[in-house]
Structures are given as structure tokens and as C-alpha cells.
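Undergrad: My structure is below; once you've seen it, I'll send some questions.
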Protein chains: 2
Amino acid sequence: MSPAGTTEATPDLPRMAAWQRFLRAHARVTELLERELAAEQGLPLGWYDVLVQLSNAGGRLRMHDLARAVLLSRAGLTRLVDRMAAAGLAGREPCADDRRGTFVTLTPAGQERLRAAAPVHLRGVQEHFARHISPGEAHEMSAVFDRILAAIESRH
Amino acid sequence: MSPAGTTEATPDLPRMAAWQRFLRAHARVTELLERELAAEQGLPLGWYDVLVQLSNAGGRLRMHDLARAVLLSRAGLTRLVDRMAAAGLAGREPCADDRRGTFVTLTPAGQERLRAAAPVHLRGVQEHFARHISPGEAHEMSAVFDRILAAIESRH
DNA sequence: ACGCAATCGTTGCGCGTGCAACCAGAATAA
DNA sequence: TTATTCTGGTTGCACGCGCAACGATTGCGT
């Protein structure tokens, strides 16, 4: 996606310029990171993200929570976990106290794969994103994005 | 996509936090804008973007240039233009001086559709993005994104 | 001039996604 | 209890995308 209120006469040009570059930067960086991780580790970015979230959660997470953490619809996550389970990187366990729930688990193979992929990905983020930002700018951007997210997520 | 070097011990936490929020903010905002434009105008964001780019270019643009402007592969753009042409919003013209090229043109119906959709989209960007950014922050973010984009696009 | 590489746009193909419908289990109310 | 509603996860379906391969045209090298 890349909508752009480019030249239409709006009162706030600087903000619209920021919006435009925001979109381009996101597209280019994620595209590049995806490519690098796939080339060096044969791992899609979405898979890596699932592995990270599972690892951070201690090895198991319910589908619903994982879907929210991973910015994916529940349907999409179902299929993604199918693939990762088929590859041996994740597993499913029934949830005892809520019998309609399912836990997704991080298998040893998944841990190993994450361990191998993390440095590659982190290097990419450093090289293509973080490197260009001063600590002060990082704080400022975090604050801005927090305001944006808060406004959106509070419309229940 | 939403990779995240969340808790791994990296020396620069603030930058990684910015990265994480950057991804979430992009996902949420574009998702919302897409939804709003579809609901109020029955127009996908990608279509709107094409209309804007054509309009800014004076009504005609070659496939290759349009694809770059619109952050889409050439194959993807071929199909998108197919759909928009079928809907009467865009047309194709052969290119005289380079006979393998094709111009995409903005039809009157396309102009009208853009005229109707622009206020909705711009309001959305204002409401969900620009509103939360001070002019100073906007400049700073533009500068940051420019550095990021320059670094990526200069790897020929 | 010729041949070879590069570029433009299109097409076949497979893949990943969201939406809506669905079923099973849980929570609330009477 | 039973009826109603809500939530969690999976499935059918259609759609939009990128990749790789292709035909057509252009430009470069010699």
C-alpha cells in the first residue's frame, strides 16, 4: 500500500511528507529484511516473528494472543501454525482449563532455528533502520507511534 | 509482517522499541485507512494511490514508472491496471517513441472518482496519523526516513 | 552491419491472506 | 436445569501479490 496526499493543497505539508516517507520506508525496509532472512536462513519473516513471540512468552501461547502479537488474523495464523508445525518448528497442545483453546508451543527445533536466525534479522534491523536514528530521535518516534496506536486501539 | 527484536539483549533498546512501534503503527493505520475508504467510497487503497499518482503526473504515466511510484511489482501493476481499466477509471495507450512501452491514462471517470475519494482519505490520514505529530516531529521523521530510504535505494 | 545483453509489459503459477460461515466449548440469565 | 449469547479456533472461498519465464523491442559492443 502507498496512498499519498502528495500535492493536494493541504495546510500541513510537513506532516503529509512524513506520511509519504513513512509508507515508503516501511515498504522498502520490510521488503529488504524479508529478502535477507529468506536468503540467509530460508525463513519467512512471519515465521521468525512467531518464533520470537513464542520464545518471549516462555514457549507457549494461545492462538488468540499469538494472533494479536503477530499482527495477523486468526484465520491467517491457523494456516501459518499449520505450516510451521509441518516443518517441526511449532506444535499444538490442547488447553486444559478452556477446552476450546489451543496452545501453540515452541519445539526444540523451533528454538534452534530462532537462535540461528536472530542475529541475521537483528543485524538487518540495525543496518537498515536503527543505524539511521539517534537515541533522541528513537524516543521521539516511539512517543509519536504510541500516541497513534493509543488513539486507534482505544476505539474499542 | 511484524518482526520484533523484542527482549533480546541489544545495546540499543530505544531504537528497537521504535522499530517495534513503527511496525505496529503502520499495520494499524493502513488497515484502518483501507477500511474507511472501502466503506465510504468502495475504493481500495491501491486504486486510490494509482489515481493520485496519475493525477500528479498530469494524467499519463508509463507502467514502469507507475509501478515504482506505487510500491508494486510490475506484474502486480499489470493486474491492477486491468481491473481499473475494466472499471473505466484508467486506460492504456501505446507509447510512440518506445514501442514496447505502455501509457496508463487517467480517464474522466477516474478523475471524478479521485475527486470524491480524496477528502475521505486525507481526513483519515489527518485523523489517524498527522494529528498526533507536531510540525517539528514531522520534519525530524521525514529526515530519518529519508536517510533510511537513501541508504536502501543507493545499493543500486 | 551484426549479435548479445538489457528493458518493458504481460502471463502461468503457487502462495499467503482476510472474510464469512461454521462448530465446539464456555459464560450468563432465567 | 435449559436457553441464549459470546468466544476460540478451523475451514471454504476468492482475491491480490510476487516470482520466474516469455515475446517484443531497444540499446550496446565490436
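Each chain in the C-alpha cells gets a letter, A, B, ..., in the order shown, and its residues are numbered from 1; ligands are numbered from 1 in order too.
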Based on only C-alpha atoms (C1' of nucleotides), which of the residues in chain B come within 10 Å of chain D? I want them as a PyMOL selection string.

TA: chain B and resi 72-77+79-80+98-101

Undergrad: Counting only C-alpha atoms (C1' of nucleotides), which residues of chain C fall within 8 Å of chain B, and what is the closest atom pair for each with its distance in Å at one decimal, ordered by chain and rising number, as a Markdown table?

TA:
| residue | atom | partner | partner_atom | distance |
| --- | --- | --- | --- | --- |
| C:DC8 | C1' | B:Arg100 | CA | 5.6 |
| C:DG9 | C1' | B:Gly101 | CA | 7.0 |
| C:DT10 | C1' | B:Thr78 | CA | 7.3 |

Undergrad: Within stretch 37-132 of chain A, find each residue whose DSSP state, derived from the backbone, is strand (DSSP E), and express the selection as a list in words.

TA: Arg60, Leu61, Arg62, Ala90, Gly91, Arg92, Glu93, Pro94, Thr102, Phe103, Val104, Thr105 and Leu106 of chain A

Undergrad: From a DSSP pass on the backbone, collect the residues of stretch 3-151 of chain B flagged as alpha helix (DSSP H) and hand them back as a ChimeraX atom specification.

TA: /B:13-41,45-56,63-69,74-86,108-128,135-151

Undergrad: At what distance in Å, to one decimal, does atom CA of A:Leu43 lie from atom CA of A:Gly88?

TA: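 We find that atom CA of A:Gly88 and atom CA of A:Leu43 lie 13.2 Å from each other.
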
Undergrad: Write out as number ranges by chain each polymer residue whose atoms come within 8 Å of stretch 134-147 of chain B, counting only C-alpha atoms (C1' of nucleotides); drop sequence neighbours fewer than 5 positions from it.

TA: A: 14-15, 17-18, 21-22, 25, 132-133, 137, 140-141

Undergrad: Those residues with N, CA, C and O atoms, as a PDB file, in the first residue's frame please?

TA:
ATOM      1  N   PRO A  14       4.416  19.443   5.968  1.00  0.00           N
ATOM      2  CA  PRO A  14       5.443  18.604   6.589  1.00  0.00           C
ATOM      3  C   PRO A  14       4.892  17.281   7.082  1.00  0.00           C
ATOM      4  O   PRO A  14       5.528  16.239   6.926  1.00  0.00           O
ATOM      5  N   ARG A  15       3.698  17.293   7.648  1.00  0.00           N
ATOM      6  CA  ARG A  15       3.139  16.042   8.152  1.00  0.00           C
ATOM      7  C   ARG A  15       2.802  15.096   7.014  1.00  0.00           C
ATOM      8  O   ARG A  15       2.968  13.882   7.126  1.00  0.00           O
ATOM      9  N   ALA A  17       4.292  15.006   4.157  1.00  0.00           N
ATOM     10  CA  ALA A  17       5.571  14.499   3.655  1.00  0.00           C
ATOM     11  C   ALA A  17       6.047  13.349   4.530  1.00  0.00           C
ATOM     12  O   ALA A  17       6.530  12.322   4.033  1.00  0.00           O
ATOM     13  N   ALA A  18       5.896  13.522   5.833  1.00  0.00           N
ATOM     14  CA  ALA A  18       6.306  12.460   6.755  1.00  0.00           C
ATOM     15  C   ALA A  18       5.502  11.195   6.484  1.00  0.00           C
ATOM     16  O   ALA A  18       6.049  10.087   6.471  1.00  0.00           O
ATOM     17  N   ARG A  21       6.825   9.394   3.322  1.00  0.00           N
ATOM     18  CA  ARG A  21       8.103   8.706   3.518  1.00  0.00           C
ATOM     19  C   ARG A  21       7.952   7.546   4.486  1.00  0.00           C
ATOM     20  O   ARG A  21       8.655   6.543   4.378  1.00  0.00           O
ATOM     21  N   PHE A  22       7.075   7.704   5.439  1.00  0.00           N
ATOM     22  CA  PHE A  22       6.745   6.618   6.368  1.00  0.00           C
ATOM     23  C   PHE A  22       6.339   5.373   5.591  1.00  0.00           C
ATOM     24  O   PHE A  22       6.844   4.269   5.838  1.00  0.00           O
ATOM     25  N   ALA A  25       9.361   4.041   3.469  1.00  0.00           N
ATOM     26  CA  ALA A  25      10.391   3.444   4.323  1.00  0.00           C
ATOM     27  C   ALA A  25       9.933   2.074   4.813  1.00  0.00           C
ATOM     28  O   ALA A  25      10.686   1.101   4.768  1.00  0.00           O
ATOM     29  N   HIS A 132      20.210   4.567  11.390  1.00  0.00           N
ATOM     30  CA  HIS A 132      19.969   5.914  10.879  1.00  0.00           C
ATOM     31  C   HIS A 132      19.240   6.797  11.878  1.00  0.00           C
ATOM     32  O   HIS A 132      18.813   7.890  11.540  1.00  0.00           O
ATOM     33  N   ILE A 133      19.088   6.295  13.094  1.00  0.00           N
ATOM     34  CA  ILE A 133      18.294   7.014  14.085  1.00  0.00           C
ATOM     35  C   ILE A 133      19.135   7.282  15.321  1.00  0.00           C
ATOM     36  O   ILE A 133      19.752   6.368  15.867  1.00  0.00           O
ATOM     37  N   GLU A 137      16.029  10.711  18.639  1.00  0.00           N
ATOM     38  CA  GLU A 137      15.003  10.527  17.610  1.00  0.00           C
ATOM     39  C   GLU A 137      14.209   9.257  17.869  1.00  0.00           C
ATOM     40  O   GLU A 137      13.000   9.208  17.622  1.00  0.00           O
ATOM     41  N   GLU A 140      11.638   9.982  20.444  1.00  0.00           N
ATOM     42  CA  GLU A 140      10.583  10.827  19.894  1.00  0.00           C
ATOM     43  C   GLU A 140       9.647  10.011  19.002  1.00  0.00           C
ATOM     44  O   GLU A 140       8.419  10.124  19.084  1.00  0.00           O
ATOM     45  N   MET A 141      10.233   9.173  18.162  1.00  0.00           N
ATOM     46  CA  MET A 141       9.400   8.368  17.274  1.00  0.00           C
ATOM     47  C   MET A 141       8.563   7.377  18.069  1.00  0.00           C
ATOM     48  O   MET A 141       7.390   7.161  17.759  1.00  0.00           O
TER      49      MET A 141
END

Undergrad: Would you mind telling me which residue in A:Asp49, A:Asp12, A:Glu112, A:Glu36 lies nearest to chain B when using only C-alpha atoms?

TA: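 Closest to chain B, using only C-alpha atoms: A:Asp49.
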
Undergrad: Of the candidates A:Thr105, A:Gln111, A:Gln41, A:Gln126, which one gets nearest to chain B if we count only C-alpha atoms?

TA: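 Going through A:Thr105, A:Gln111, A:Gln41, A:Gln126 one by one, the smallest distance to chain B is for A:Gln126.
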
Undergrad: In Å, with one decimal, what is the gap from atom CA of A:Val104 to atom CA of A:Val50?

TA: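 Distance reported for this atom pair: 9.8 Å.
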
Undergrad: Have a look at atom CA of A:Val125 and atom CA of A:Thr30 and let me know their distance in Å, one decimal.

TA: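 Separation between atom CA of A:Val125 and atom CA of A:Thr30: 9.1 Å.
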
Undergrad: Between B:Arg35, B:Ala86, B:Gln53, B:Asp97, single out the one closest to chain A, counting only C-alpha atoms.

TA: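 Looking at the shortest contact to chain A, the residue is B:Gln53.
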